[in-house]
file entry05.cif (mmCIF, C-alpha atoms)
data_protein
#
loop_
_atom_site.label_atom_id
_atom_site.label_comp_id
_atom_site.auth_asym_id
_atom_site.auth_seq_id
_atom_site.Cartn_x
_atom_site.Cartn_y
_atom_site.Cartn_z
CA MET A 1 -5.24 -17.00 -42.51
CA THR A 2 -5.83 -13.34 -43.22
CA ARG A 3 -6.41 -11.28 -40.12
CA ILE A 4 -7.66 -7.77 -39.71
CA SER A 5 -4.87 -5.32 -39.07
CA SER A 6 -5.70 -3.28 -36.01
CA ASP A 7 -4.05 -0.23 -37.61
CA VAL A 8 -6.54 -0.21 -40.46
CA ILE A 9 -9.65 -0.88 -38.47
CA ARG A 10 -8.79 1.59 -35.73
CA GLY A 11 -10.49 4.47 -37.55
CA TYR A 12 -13.73 2.51 -37.71
CA ASN A 13 -14.07 1.17 -34.18
CA ASP A 14 -15.99 4.34 -33.37
CA THR A 15 -18.35 3.70 -36.25
CA MET A 16 -19.13 0.17 -35.04
CA ILE A 17 -19.67 1.29 -31.46
CA LEU A 18 -21.97 4.17 -32.50
CA TYR A 19 -23.94 1.80 -34.73
CA LEU A 20 -24.49 -0.56 -31.81
CA LEU A 21 -25.53 2.28 -29.50
CA TRP A 22 -27.95 3.70 -32.07
CA ASP A 23 -31.17 2.24 -30.65
CA GLN A 24 -30.38 1.76 -27.00
CA PRO A 25 -27.65 2.34 -24.43
CA SER A 26 -25.22 -0.50 -23.86
CA TYR A 27 -22.07 -1.40 -21.93
CA GLY A 28 -18.55 -2.63 -22.62
CA TYR A 29 -18.81 -6.38 -22.80
CA GLU A 30 -22.17 -6.35 -24.61
CA ILE A 31 -20.70 -4.18 -27.36
CA SER A 32 -17.56 -6.27 -27.76
CA LYS A 33 -19.73 -9.38 -27.97
CA GLN A 34 -21.97 -7.85 -30.64
CA ILE A 35 -18.98 -6.71 -32.69
CA LYS A 36 -17.61 -10.23 -32.61
CA ALA A 37 -20.98 -11.74 -33.55
CA MET A 38 -21.78 -9.26 -36.36
CA SER A 39 -18.33 -9.74 -37.89
CA ASP A 40 -18.86 -13.52 -37.85
CA GLU A 41 -16.05 -13.75 -35.32
CA LYS A 42 -13.61 -12.25 -37.82
CA TYR A 43 -12.98 -9.22 -35.65
CA CYS A 44 -12.55 -9.27 -31.90
CA ILE A 45 -12.07 -5.86 -30.33
CA LYS A 46 -9.59 -5.78 -27.45
CA GLU A 47 -10.81 -4.51 -24.09
CA THR A 48 -8.24 -1.73 -24.01
CA THR A 49 -9.18 -0.60 -27.54
CA LEU A 50 -12.83 -0.50 -26.59
CA TYR A 51 -12.25 1.41 -23.38
CA SER A 52 -9.99 3.86 -25.16
CA ALA A 53 -12.71 4.46 -27.78
CA PHE A 54 -15.30 5.07 -25.04
CA THR A 55 -13.19 7.65 -23.22
CA ARG A 56 -12.21 9.42 -26.41
CA MET A 57 -15.77 9.59 -27.77
CA GLU A 58 -17.11 10.73 -24.42
CA LYS A 59 -14.54 13.54 -24.37
CA ASN A 60 -15.60 14.55 -27.88
CA GLY A 61 -19.25 14.54 -26.87
CA TYR A 62 -20.35 11.68 -29.14
CA ILE A 63 -21.54 9.54 -26.26
CA THR A 64 -22.44 10.07 -22.62
CA SER A 65 -22.06 7.56 -19.82
CA PHE A 66 -24.23 6.74 -16.83
CA ASP A 67 -23.98 4.24 -14.02
CA GLY A 68 -26.14 1.17 -13.96
CA ASN A 69 -25.98 -2.18 -12.25
CA ASN A 70 -24.90 -5.55 -13.46
CA PRO A 71 -27.94 -7.71 -12.64
CA ASP A 72 -25.73 -10.81 -12.30
CA THR A 73 -23.24 -9.52 -9.79
CA GLY A 74 -24.92 -6.38 -8.47
CA LYS A 75 -21.73 -4.46 -9.20
CA ARG A 76 -21.66 -1.00 -10.72
CA ARG A 77 -21.33 -0.94 -14.47
CA THR A 78 -20.99 2.00 -16.86
CA TYR A 79 -23.51 2.27 -19.68
CA TYR A 80 -23.05 4.47 -22.73
CA ARG A 81 -25.65 6.40 -24.71
CA ILE A 82 -25.25 8.02 -28.13
CA THR A 83 -25.70 11.81 -28.44
CA ASP A 84 -26.93 13.88 -31.37
CA ALA A 85 -23.33 14.88 -32.07
CA GLY A 86 -22.54 11.16 -32.08
CA ARG A 87 -25.22 10.48 -34.67
CA ALA A 88 -23.91 13.29 -36.88
CA TYR A 89 -20.36 11.97 -36.49
CA TYR A 90 -21.57 8.47 -37.43
CA HIS A 91 -23.03 9.78 -40.70
CA GLU A 92 -19.76 11.57 -41.45
CA LYS A 93 -17.80 8.38 -40.83
CA CYS A 94 -20.15 6.40 -43.10
CA ALA A 95 -19.62 8.89 -45.93
CA GLU A 96 -15.89 8.79 -45.33
CA TRP A 97 -15.93 5.01 -45.49
CA GLN A 98 -17.84 5.01 -48.80
CA LEU A 99 -15.17 7.25 -50.25
CA THR A 100 -12.28 5.27 -48.77
CA LYS A 101 -13.74 2.04 -50.01
CA GLU A 102 -14.26 3.44 -53.49
CA VAL A 103 -10.68 4.68 -53.68
CA VAL A 104 -8.95 1.64 -52.23
CA GLU A 105 -11.14 -0.66 -54.30
CA LYS A 106 -9.65 0.78 -57.50
CA PHE A 107 -6.27 -0.54 -56.49
CA ILE A 108 -7.35 -4.04 -55.57
CA LYS A 109 -6.69 -6.67 -58.24
CA LYS A 110 -9.59 -8.96 -58.89
CA GLN A 111 -8.85 -12.65 -58.93
CA GLY A 112 -7.64 -13.71 -62.33
CA GLU A 113 -6.62 -10.20 -63.39
CA MET B 1 -11.13 -15.33 -11.57
CA ASP B 2 -8.16 -14.71 -9.27
CA ALA B 3 -5.73 -15.13 -12.13
CA ILE B 4 -7.53 -12.42 -14.07
CA LYS B 5 -7.62 -10.11 -11.08
CA ASN B 6 -3.90 -10.66 -10.52
CA TYR B 7 -3.17 -9.99 -14.16
CA LEU B 8 -5.09 -6.74 -14.11
CA GLU B 9 -3.58 -5.59 -10.82
CA THR B 10 -0.09 -6.32 -12.07
CA MET B 11 -0.70 -4.41 -15.30
CA PHE B 12 -1.77 -1.36 -13.30
CA LEU B 13 0.70 -1.68 -10.46
CA ASN B 14 3.11 1.00 -11.62
CA LEU B 15 0.63 3.44 -13.06
CA PRO B 16 -0.12 6.67 -11.23
CA ASN B 17 -2.96 6.45 -8.73
CA THR B 18 -5.38 8.92 -10.33
CA PRO B 19 -9.20 8.84 -10.69
CA GLU B 20 -8.86 8.20 -14.44
CA VAL B 21 -6.57 5.22 -13.92
CA GLN B 22 -8.78 3.82 -11.18
CA LYS B 23 -11.84 4.15 -13.39
CA ALA B 24 -10.08 2.48 -16.31
CA LYS B 25 -8.99 -0.39 -14.09
CA TYR B 26 -12.49 -0.85 -12.76
CA GLU B 27 -14.12 -0.73 -16.19
CA LEU B 28 -11.60 -3.08 -17.77
CA GLY B 29 -12.03 -5.40 -14.80
CA GLN B 30 -15.79 -5.42 -15.30
CA MET B 31 -15.46 -6.23 -19.01
CA MET B 32 -13.04 -9.04 -18.25
CA GLU B 33 -15.33 -10.40 -15.56
CA ASP B 34 -18.34 -10.33 -17.90
CA LYS B 35 -16.39 -12.13 -20.58
CA TYR B 36 -15.04 -14.69 -18.14
CA ARG B 37 -18.51 -15.45 -16.78
CA GLU B 38 -19.94 -15.93 -20.22
CA LEU B 39 -17.09 -18.20 -21.33
CA ILE B 40 -17.58 -20.35 -18.24
CA ALA B 41 -21.35 -20.39 -18.85
CA ASP B 42 -20.61 -21.55 -22.42
CA GLY B 43 -18.88 -24.58 -20.97
CA LYS B 44 -15.24 -23.50 -21.31
CA THR B 45 -12.82 -24.72 -18.67
CA GLU B 46 -11.44 -22.19 -16.23
CA ASN B 47 -8.01 -22.25 -17.87
CA GLU B 48 -9.43 -21.73 -21.35
CA ALA B 49 -11.56 -18.86 -20.12
CA ILE B 50 -8.65 -17.17 -18.36
CA GLY B 51 -6.45 -17.63 -21.42
CA THR B 52 -9.02 -16.10 -23.75
CA VAL B 53 -9.75 -13.16 -21.49
CA ILE B 54 -6.07 -12.31 -21.07
CA ALA B 55 -5.30 -12.81 -24.76
CA GLU B 56 -8.11 -10.45 -25.76
CA PHE B 57 -7.29 -7.82 -23.15
CA GLY B 58 -5.08 -5.76 -25.43
CA ASN B 59 -2.35 -3.35 -24.55
CA LEU B 60 -2.31 -0.51 -22.03
CA ASP B 61 -0.37 1.57 -24.56
CA GLU B 62 -3.68 2.25 -26.22
CA LEU B 63 -4.95 3.97 -23.11
CA ALA B 64 -1.86 6.06 -22.58
CA GLU B 65 -3.20 9.24 -24.12
CA ASP B 66 -6.66 9.00 -22.58
CA LEU B 67 -5.33 8.35 -19.10
CA GLY B 68 -2.56 10.91 -19.22
CA ILE B 69 -0.06 8.15 -18.59
CA ASP B 70 1.84 8.72 -21.79
CA SER B 71 4.88 9.81 -19.88
CA VAL B 72 4.65 6.75 -17.67
CA LEU B 73 4.60 4.29 -20.50
CA HIS B 74 7.05 5.94 -22.82
CA HIS B 75 9.52 7.91 -20.79
CA SER B 76 11.78 7.09 -17.92
CA GLN B 77 10.86 9.90 -15.50
CA THR B 78 8.26 7.75 -13.84
CA PHE B 79 7.39 4.83 -11.67
CA GLU B 80 9.92 2.34 -12.78
CA ALA B 81 9.34 -0.95 -11.12
CA GLY B 82 13.03 -1.12 -10.24
CA ARG B 83 14.21 -4.30 -8.61
CA MET B 84 11.34 -6.67 -7.97
CA VAL B 85 11.35 -8.19 -4.51
CA SER B 86 10.01 -11.74 -4.69
CA LEU B 87 7.61 -13.43 -2.31
CA THR B 88 10.36 -15.69 -0.95
CA GLU B 89 12.52 -12.67 -0.24
CA VAL B 90 9.61 -10.93 1.41
CA LYS B 91 9.00 -13.91 3.69
CA GLU B 92 12.69 -14.00 4.61
CA TYR B 93 12.70 -10.28 5.21
CA LEU B 94 9.71 -10.49 7.56
CA LYS B 95 11.38 -13.29 9.47
CA ALA B 96 14.63 -11.33 9.70
CA SER B 97 12.79 -8.19 10.69
CA SER B 98 10.99 -9.91 13.52
CA ARG B 99 14.30 -11.40 14.77
CA HIS B 100 15.88 -7.97 14.45
CA ALA B 101 13.00 -6.48 16.48
CA PHE B 102 13.51 -9.05 19.24
CA LEU B 103 17.28 -8.54 19.45
CA ILE B 104 17.05 -4.75 19.54
CA ALA B 105 14.25 -4.81 22.10
CA LEU B 106 16.27 -7.22 24.25
CA GLY B 107 19.31 -4.94 23.99
CA VAL B 108 17.28 -1.92 25.06
CA LEU B 109 15.83 -3.96 27.93
CA LEU B 110 19.32 -4.86 29.14
CA CYS B 111 20.50 -1.25 28.91
CA ILE B 112 17.60 -0.05 31.02
CA LEU B 113 18.11 -2.89 33.47
CA SER B 114 21.87 -2.32 33.82
CA PRO B 115 21.63 0.08 36.82
CA VAL B 116 19.49 -2.51 38.60
CA SER B 117 22.63 -4.54 39.19
CA THR B 118 24.33 -1.67 41.05
CA ILE B 119 21.21 -0.87 43.07
CA VAL B 120 20.65 -4.47 44.15
CA MET B 121 24.31 -5.18 44.82
CA SER B 122 24.84 -2.07 46.94
CA SER B 123 21.72 -2.93 48.94
CA ILE B 124 23.06 -6.42 49.53
CA GLY B 125 26.38 -4.78 50.43
CA GLU B 126 24.73 -2.71 53.11
CA LEU B 127 23.12 -5.83 54.55
CA THR B 128 26.26 -7.95 54.55
CA GLU B 129 28.61 -5.11 55.47
CA ARG B 130 30.88 -5.78 52.53
CA GLU B 131 29.87 -2.64 50.74
CA THR B 132 32.93 -1.90 48.60
CA PHE B 133 33.16 -5.42 47.21
CA MET B 134 29.45 -5.68 46.46
CA GLU B 135 29.35 -2.21 44.85
CA ALA B 136 32.24 -3.16 42.59
CA LEU B 137 30.41 -6.34 41.68
CA GLY B 138 27.33 -4.25 40.91
CA VAL B 139 29.27 -1.97 38.57
CA ILE B 140 30.81 -4.97 36.82
CA GLY B 141 27.31 -6.40 36.44
CA MET B 142 26.11 -3.16 34.93
CA PHE B 143 28.86 -3.14 32.31
CA LEU B 144 28.21 -6.79 31.57
CA PHE B 145 24.56 -5.95 30.83
CA ILE B 146 25.62 -3.12 28.55
CA ALA B 147 28.24 -5.29 26.82
CA ILE B 148 25.65 -7.96 26.03
CA ALA B 149 23.28 -5.26 24.78
CA VAL B 150 25.92 -3.82 22.46
CA ALA B 151 26.67 -7.31 21.15
CA LEU B 152 22.96 -7.74 20.40
CA PHE B 153 22.76 -4.41 18.57
CA VAL B 154 25.79 -5.23 16.46
CA THR B 155 24.61 -8.76 15.60
CA SER B 156 21.16 -7.63 14.59
CA GLY B 157 22.64 -4.77 12.57
CA ILE B 158 24.82 -7.19 10.65
CA THR B 159 21.98 -9.61 9.94
CA MET B 160 19.90 -6.74 8.54
CA ASN B 161 22.74 -5.62 6.24
CA ARG B 162 21.51 -8.00 3.61
CA TRP B 163 18.37 -5.93 3.22
CA GLU B 164 20.09 -2.56 2.98
CA PHE B 165 19.48 -2.51 -0.77
CA MET B 166 15.81 -1.79 -0.16
CA LYS B 167 16.76 1.61 1.22
CA HIS B 168 19.11 2.66 -1.57
CA GLN B 169 17.72 0.93 -4.60
CA HIS B 170 14.32 1.48 -6.09
CA CYS B 171 12.32 -1.70 -5.47
CA SER B 172 8.76 -2.87 -6.00
CA LEU B 173 6.53 -5.74 -5.04
CA ASP B 174 4.18 -7.40 -7.46
CA PHE B 175 0.50 -7.47 -6.65
CA ALA B 176 0.32 -10.92 -5.05
CA THR B 177 3.28 -10.15 -2.79
CA THR B 178 1.85 -6.79 -1.81
CA GLU B 179 -1.39 -8.53 -0.88
CA TYR B 180 0.52 -11.09 1.18
CA VAL B 181 2.35 -8.41 3.19
CA HIS B 182 -0.84 -6.43 3.59
CA ASP B 183 -2.68 -9.48 4.96
CA ARG B 184 0.15 -10.33 7.32
CA ARG B 185 0.17 -6.78 8.61
CA ASN B 186 -3.57 -6.83 9.17
CA MET B 187 -3.25 -10.07 11.10
CA TYR B 188 -0.53 -8.56 13.26
CA ARG B 189 -2.49 -5.37 13.99
CA THR B 190 -4.26 -6.67 17.13
CA THR B 191 -1.05 -7.99 18.69
CA HIS B 192 0.61 -4.69 17.85
CA ALA B 193 -2.14 -2.70 19.55
CA VAL B 194 -2.07 -4.90 22.67
CA LEU B 195 1.74 -4.84 23.04
CA LEU B 196 1.86 -1.11 22.46
CA SER B 197 -0.88 -0.29 24.98
CA VAL B 198 0.44 -2.67 27.64
CA GLY B 199 3.94 -1.28 27.10
CA ILE B 200 2.73 2.29 27.51
CA ILE B 201 0.70 1.36 30.61
CA PHE B 202 3.83 -0.22 32.14
CA CYS B 203 5.84 2.92 31.47
CA VAL B 204 3.20 5.24 32.84
CA LEU B 205 2.55 3.16 35.96
CA CYS B 206 6.19 2.23 36.55
CA ALA B 207 6.40 4.18 39.80
CA VAL B 208 3.29 2.68 41.39
CA PRO B 209 4.93 -0.39 43.02
CA ALA B 210 7.77 1.81 44.30
CA ILE B 211 5.30 4.26 45.84
CA ILE B 212 3.41 1.39 47.50
CA MET B 213 6.67 -0.14 48.75
CA ASP B 214 7.72 3.22 50.18
CA ALA B 215 4.40 3.65 51.94
CA LEU B 216 4.43 0.22 53.54
CA PRO B 217 6.50 -0.40 56.66
CA LEU B 218 8.99 -2.69 54.95
CA PRO B 219 12.60 -3.34 55.88
CA ASP B 220 15.18 -0.86 54.52
CA PHE B 221 16.49 -3.40 52.06
CA ILE B 222 13.19 -3.56 50.20
CA ASP B 223 12.96 0.21 50.32
CA ASP B 224 16.35 0.49 48.70
CA ILE B 225 15.55 -1.76 45.80
CA SER B 226 12.20 -0.08 45.05
CA GLY B 227 14.16 2.06 42.59
CA ALA B 228 15.16 -1.12 40.84
CA ALA B 229 11.49 -2.11 40.62
CA VAL B 230 10.75 1.10 38.70
CA LEU B 231 13.47 0.30 36.20
CA ILE B 232 12.36 -3.30 35.75
CA ILE B 233 8.80 -2.24 34.96
CA ILE B 234 9.98 0.46 32.54
CA ALA B 235 12.32 -2.06 30.91
CA ILE B 236 9.48 -4.52 30.30
CA GLY B 237 7.24 -1.76 28.97
CA VAL B 238 9.92 -0.38 26.65
CA PHE B 239 10.76 -3.91 25.50
CA MET B 240 7.17 -4.40 24.31
CA ILE B 241 7.00 -1.01 22.63
CA VAL B 242 10.33 -1.39 20.81
CA LEU B 243 9.62 -4.99 19.77
CA THR B 244 6.25 -4.29 18.25
CA SER B 245 7.21 -0.98 16.65
CA ILE B 246 10.15 -2.49 14.79
CA LYS B 247 8.07 -5.45 13.71
CA MET B 248 5.33 -3.18 12.38
CA ASP B 249 7.98 -1.09 10.64
CA GLY B 250 9.06 -4.20 8.76
CA PHE B 251 5.62 -4.54 7.15
CA ASN B 252 5.44 -0.85 6.37
CA THR B 253 8.92 -0.76 4.86
CA LEU B 254 7.85 -3.42 2.38
CA LEU B 255 4.54 -1.77 1.55
CA LYS B 256 6.20 1.59 1.05
CA LEU B 257 8.47 0.15 -1.64
CA ASN B 258 5.71 0.68 -4.18
CA ASP B 259 5.55 4.31 -5.18
CA SER B 260 2.82 6.06 -3.21
CA ARG B 261 1.59 7.79 -6.34
CA SER B 262 1.28 4.50 -8.19
CA MET B 263 -1.65 2.12 -8.02
CA GLY B 264 0.47 -0.35 -6.07
CA GLY B 265 1.19 2.25 -3.41
CA GLN B 266 -2.34 2.47 -2.07
CA TYR B 267 -1.73 0.03 0.74
CA VAL B 268 0.27 2.27 3.01
CA ASP B 269 -1.63 4.44 5.42
CA TYR B 270 -0.22 7.64 4.03
CA GLN B 271 -2.88 9.70 5.70
CA LYS B 272 -1.18 8.84 8.96
CA GLN B 273 1.88 10.72 7.89
CA GLU B 274 1.78 14.36 8.82
CA ASN B 275 2.95 16.85 6.31
CA TYR B 276 3.86 20.31 7.42
CA SER B 277 4.02 23.21 5.00
CA ASN B 278 6.76 24.91 6.98
CA LYS B 279 10.13 23.15 6.88
CA THR B 280 11.24 24.30 10.34
CA VAL B 281 8.00 23.08 11.85
CA ALA B 282 8.41 19.75 10.05
CA ALA B 283 11.90 19.36 11.48
CA ILE B 284 10.75 20.19 14.99
CA MET B 285 7.74 17.87 14.74
CA SER B 286 9.86 14.94 13.63
CA VAL B 287 11.50 14.91 17.08
CA TYR B 288 8.46 16.15 18.98
CA TRP B 289 7.33 12.95 20.74
CA PRO B 290 10.83 11.66 21.58
CA THR B 291 11.59 15.07 23.10
CA ILE B 292 8.40 15.02 25.14
CA SER B 293 9.20 11.49 26.37
CA ALA B 294 12.70 12.55 27.36
CA ALA B 295 11.39 15.64 29.11
CA TYR B 296 8.86 13.52 30.99
CA LEU B 297 11.45 11.01 32.16
CA ILE B 298 14.06 13.66 33.08
CA TRP B 299 11.57 15.76 35.03
CA SER B 300 10.12 12.69 36.74
CA PHE B 301 13.42 11.17 37.76
CA LEU B 302 14.92 14.46 38.91
CA SER B 303 11.95 15.59 40.95
CA PHE B 304 10.33 12.21 41.67
CA ASP B 305 7.04 14.11 41.49
CA TRP B 306 5.38 11.27 39.60
CA TYR B 307 1.97 12.34 40.87
CA MET B 308 2.10 15.44 38.72
CA THR B 309 4.65 14.90 35.92
CA TRP B 310 2.09 12.97 33.87
CA ILE B 311 0.45 16.30 33.10
CA ILE B 312 3.12 16.66 30.40
CA TRP B 313 1.31 14.09 28.21
CA PRO B 314 -2.13 15.73 27.91
CA LEU B 315 -0.44 19.13 27.52
CA ALA B 316 1.84 17.76 24.79
CA ALA B 317 -1.14 16.25 23.00
CA ILE B 318 -2.99 19.59 23.02
CA VAL B 319 0.06 21.46 21.73
CA HIS B 320 0.54 18.79 19.04
CA LYS B 321 -3.05 19.22 17.89
CA CYS B 322 -2.68 23.00 17.73
CA ILE B 323 0.55 22.80 15.70
CA LYS B 324 -1.06 20.29 13.38
CA ASN B 325 -4.09 22.52 12.80
CA ILE B 326 -1.98 25.58 12.09
CA TRP B 327 0.81 24.18 9.90
CA SER B 328 -0.39 20.86 8.58
CA ASP B 329 -1.12 20.67 4.84
#

call {"tool": "encode", "arguments": {"input": "entry05.cif", "output": "C-alpha cells"}}
result
Amino acid sequence: MTRISSDVIRGYNDTMILYLLWDQPSYGYEISKQIKAMSDEKYCIKETTLYSAFTRMEKNGYITSFDGNNPDTGKRRTYYRITDAGRAYYHEKCAEWQLTKEVVEKFIKKQGE
Amino acid sequence: MDAIKNYLETMFLNLPNTPEVQKAKYELGQMMEDKYRELIADGKTENEAIGTVIAEFGNLDELAEDLGIDSVLHHSQTFEAGRMVSLTEVKEYLKASSRHAFLIALGVLLCILSPVSTIVMSSIGELTERETFMEALGVIGMFLFIAIAVALFVTSGITMNRWEFMKHQHCSLDFATTEYVHDRRNMYRTTHAVLLSVGIIFCVLCAVPAIIMDALPLPDFIDDISGAAVLIIIAIGVFMIVLTSIKMDGFNTLLKLNDSRSMGGQYVDYQKQENYSNKTVAAIMSVYWPTISAAYLIWSFLSFDWYMTWIIWPLAAIVHKCIKNIWSD
C-alpha cells in the first residue's frame, strides 16, 4: 500500500494546521483528528510533528497560543489561534502548492502511457 | 494510561530540565491523553489504545531544534543515560544500604561505649579492693569493644564494594525505578524525622541523668558511673542519628544518579544544597556543622559546664544564617 512520505508532506503540515484554525481556535488533538478525518485516514500526523509545527509557527508569528481548559479532565490545555501573518502565509503556501503541483504533475506518467 | 505516562516520562528522562522541555512534555502528554480517551470511548481495548497512541507519537528528533535539545540528541556532550540501574538492583541496593547503615551505626555505638567498660570496671575495682585487676579488665573490655566496631566497619565496607560503580560510572534510573525510590523515600521520611529528633534530644540531654545522680545523695559507686551514663545516652542518640542518616543517604544516592539538569533529575531536593560563590567559604562551610559539634563536645567535656555550653548551637545557627545570606548564590 502506498503511504505518504513524511519528508514530502512536511512542508504542508503548516498549511493544513492553518486551514483548520481559519475559523476558530483549536488544540492539538482536535487538529490531529481533523487532519486524519479530512484525509480519509490516509494521513495521520504524529504528535511530535504537530507540536513541532505549533512551536515553529508560534515563533514565526503565524499563530498565537492561549490557555484553556479541557472540559473532560479539567486540566490545562493550550489552544492556538491564527494571526493575520498566518493567513498571509497560508495564501503564500497555497500558491506555492499550485506551482509545485503543476511542475511535478508534468513528470508523472498517466496510466497506460 | 500508566503505560503511556511511563513511555512519555522515559522518552524525556534524559532531556535537559528547561521550561521549553517541560512544556513540550505536558502538551504531548495532553494530546496523548486526549487520543487515548477517545480510542477507549470508541470501544478499543486498553492495549489497542496504548499501542495506537505510542505508535502515532512520533520521534523526539523532530522537536530537537525547537526545544534547543539538538546537542542532546545528536552529540555526546550531554546527558548520556550511562549504565542503567534496574529495579531489582535498586531494591538490592536499598537493602544493602540499610544493612550498611545498621552496621556502621552499631560500630559507632560500640566506639562511644568503649570507655564505659573502664569506668564501670574501675568503680567495681574500688568497691572490691582489687583495683589493678579490675582496671586491666576494663581496658581489655574497651579494646574488645573497639575491635568489634572495627570488624563491623570493615565488613560493611566490603559488602558495599559491590555498589562502588555508582560513584565512578555514570548511571541512570528509568522512570518507573525513579518513582519507586522516590516513593520509598517519602514513606521513610517520618521515621527519619523521628529518629533524627530523638537522637539529637538524647545527645543534647545526655548530661541530665548524670547531673541528677550527682545531686542526689547516692553511694559513691553510683556517682562514679554517672559518667558512664552520659556516654550510654550519647551512644544511643548517635546510633539513631547515624543509622537514619546513612539510610536516607541511600535513597538520595540513587535519586542523584539522574543528572540534575535532566528531566529525570527533578526528584532530588537540590534546593537543600547550599551553593557558595566563594570557594574558600564553600570549603569552610562543608565542615561547619561537624566542627561546631566537635567544639561543643570538647568544650562541654573539658569544662563540664553543660548548663551553658549549649549556647554554642543557637550562636552557630545565627552565624550560619549570616554566612549563607552573604555568600550563598

call {"tool": "resolve_selection", "arguments": {"input": "entry05.cif", "expression": "the PyMOL selection byres ((chain A) within 12 of (chain B))", "output": "ChimeraX atom specification"}}
result
/A:6-7,10,27-33,36,43-60,67,69-79

call {"tool": "resolve_selection", "arguments": {"input": "entry05.cif", "expression": "the PyMOL selection byres ((chain B and resi 165-169) around 10)", "output": "CSV table (one decimal) with C-alpha atoms, in the coordinates of the input"}}
result
chain,number,residue,atom,x,y,z
B,82,GLY,CA,13.0,-1.1,-10.2
B,83,ARG,CA,14.2,-4.3,-8.6
B,85,VAL,CA,11.4,-8.2,-4.5
B,161,ASN,CA,22.7,-5.6,6.2
B,162,ARG,CA,21.5,-8.0,3.6
B,163,TRP,CA,18.4,-5.9,3.2
B,164,GLU,CA,20.1,-2.6,3.0
B,170,HIS,CA,14.3,1.5,-6.1
B,171,CYS,CA,12.3,-1.7,-5.5
B,172,SER,CA,8.8,-2.9,-6.0
B,253,THR,CA,8.9,-0.8,4.9
B,254,LEU,CA,7.8,-3.4,2.4
B,257,LEU,CA,8.5,0.2,-1.6

call {"tool": "residues_around", "arguments": {"input": "entry05.cif", "residues": "region 92-95 of chain A", "least_positions_apart": "4", "cutoff": "10 Å", "atoms": "only C-alpha atoms", "output": "list of chain:residue names"}}
result
A:Gly11, A:Tyr12, A:Asp14, A:Thr15, A:Gly86, A:Arg87, A:Ala88, A:Leu99, A:Thr100, A:Lys101

call {"tool": "atom_distance", "arguments": {"input": "entry05.cif", "atom1": "CA of Val204 (chain B)", "atom2": "CA of Leu103 (chain B)"}}
result
23.8 Å

call {"tool": "atom_distance", "arguments": {"input": "entry05.cif", "atom1": "CA of Lys42 (chain A)", "atom2": "CA of Leu20 (chain A)"}}
result
17.1 Å

call {"tool": "closest_residue", "arguments": {"input": "entry05.cif", "among": "B:Asn186, B:Thr118, B:Ser286, B:Thr177", "to": "Met248 (chain B)", "atoms": "only C-alpha atoms"}}
result
B:Asn186

call {"tool": "resolve_selection", "arguments": {"input": "entry05.cif", "expression": "the PyMOL selection byres ((chain B and resi 110) around 9)", "output": "ChimeraX atom specification"}}
result
/B:105-109,111-114,145-146,148-149,235

call {"tool": "closest_residue", "arguments": {"input": "entry05.cif", "among": "B:Gly125, B:Arg184, B:Phe301, B:Ile119", "to": "Ala207 (chain B)", "atoms": "all atoms listed in the file"}}
result
B:Phe301

call {"tool": "residues_around", "arguments": {"input": "entry05.cif", "residues": "Met240 (chain B)", "least_positions_apart": "5", "cutoff": "12 Å", "atoms": "all atoms listed in the file", "output": "list of chain:residue names"}}
result
B:Ala101, B:Phe102, B:Leu103, B:Ile104, B:Ala105, B:Leu106, B:Val108, B:Leu109, B:Thr191, B:His192, B:Ala193, B:Val194, B:Leu195, B:Leu196, B:Ser197, B:Val198, B:Gly199, B:Ile200, B:Ile201, B:Phe202, B:Cys203, B:Ile233, B:Ile234, B:Ala235, B:Ser245, B:Ile246, B:Lys247

call {"tool": "closest_residue", "arguments": {"input": "entry05.cif", "among": "B:Met285, B:His100, B:Gly51, B:Trp310", "to": "Phe153 (chain B)", "atoms": "all atoms listed in the file"}}
result
B:His100

call {"tool": "atom_distance", "arguments": {"input": "entry05.cif", "atom1": "CA of Glu135 (chain B)", "atom2": "CA of Asp220 (chain B)"}}
result
17.2 Å

call {"tool": "closest_residue", "arguments": {"input": "entry05.cif", "among": "A:Arg3, A:Tyr90, A:Glu102, A:Ile35", "to": "Tyr62 (chain A)", "atoms": "all atoms listed in the file"}}
result
A:Tyr90

call {"tool": "closest_residue", "arguments": {"input": "entry05.cif", "among": "B:Val150, B:Ala176, B:Ala294, B:Ala228", "to": "Asn6 (chain B)", "atoms": "all atoms listed in the file"}}
result
B:Ala176
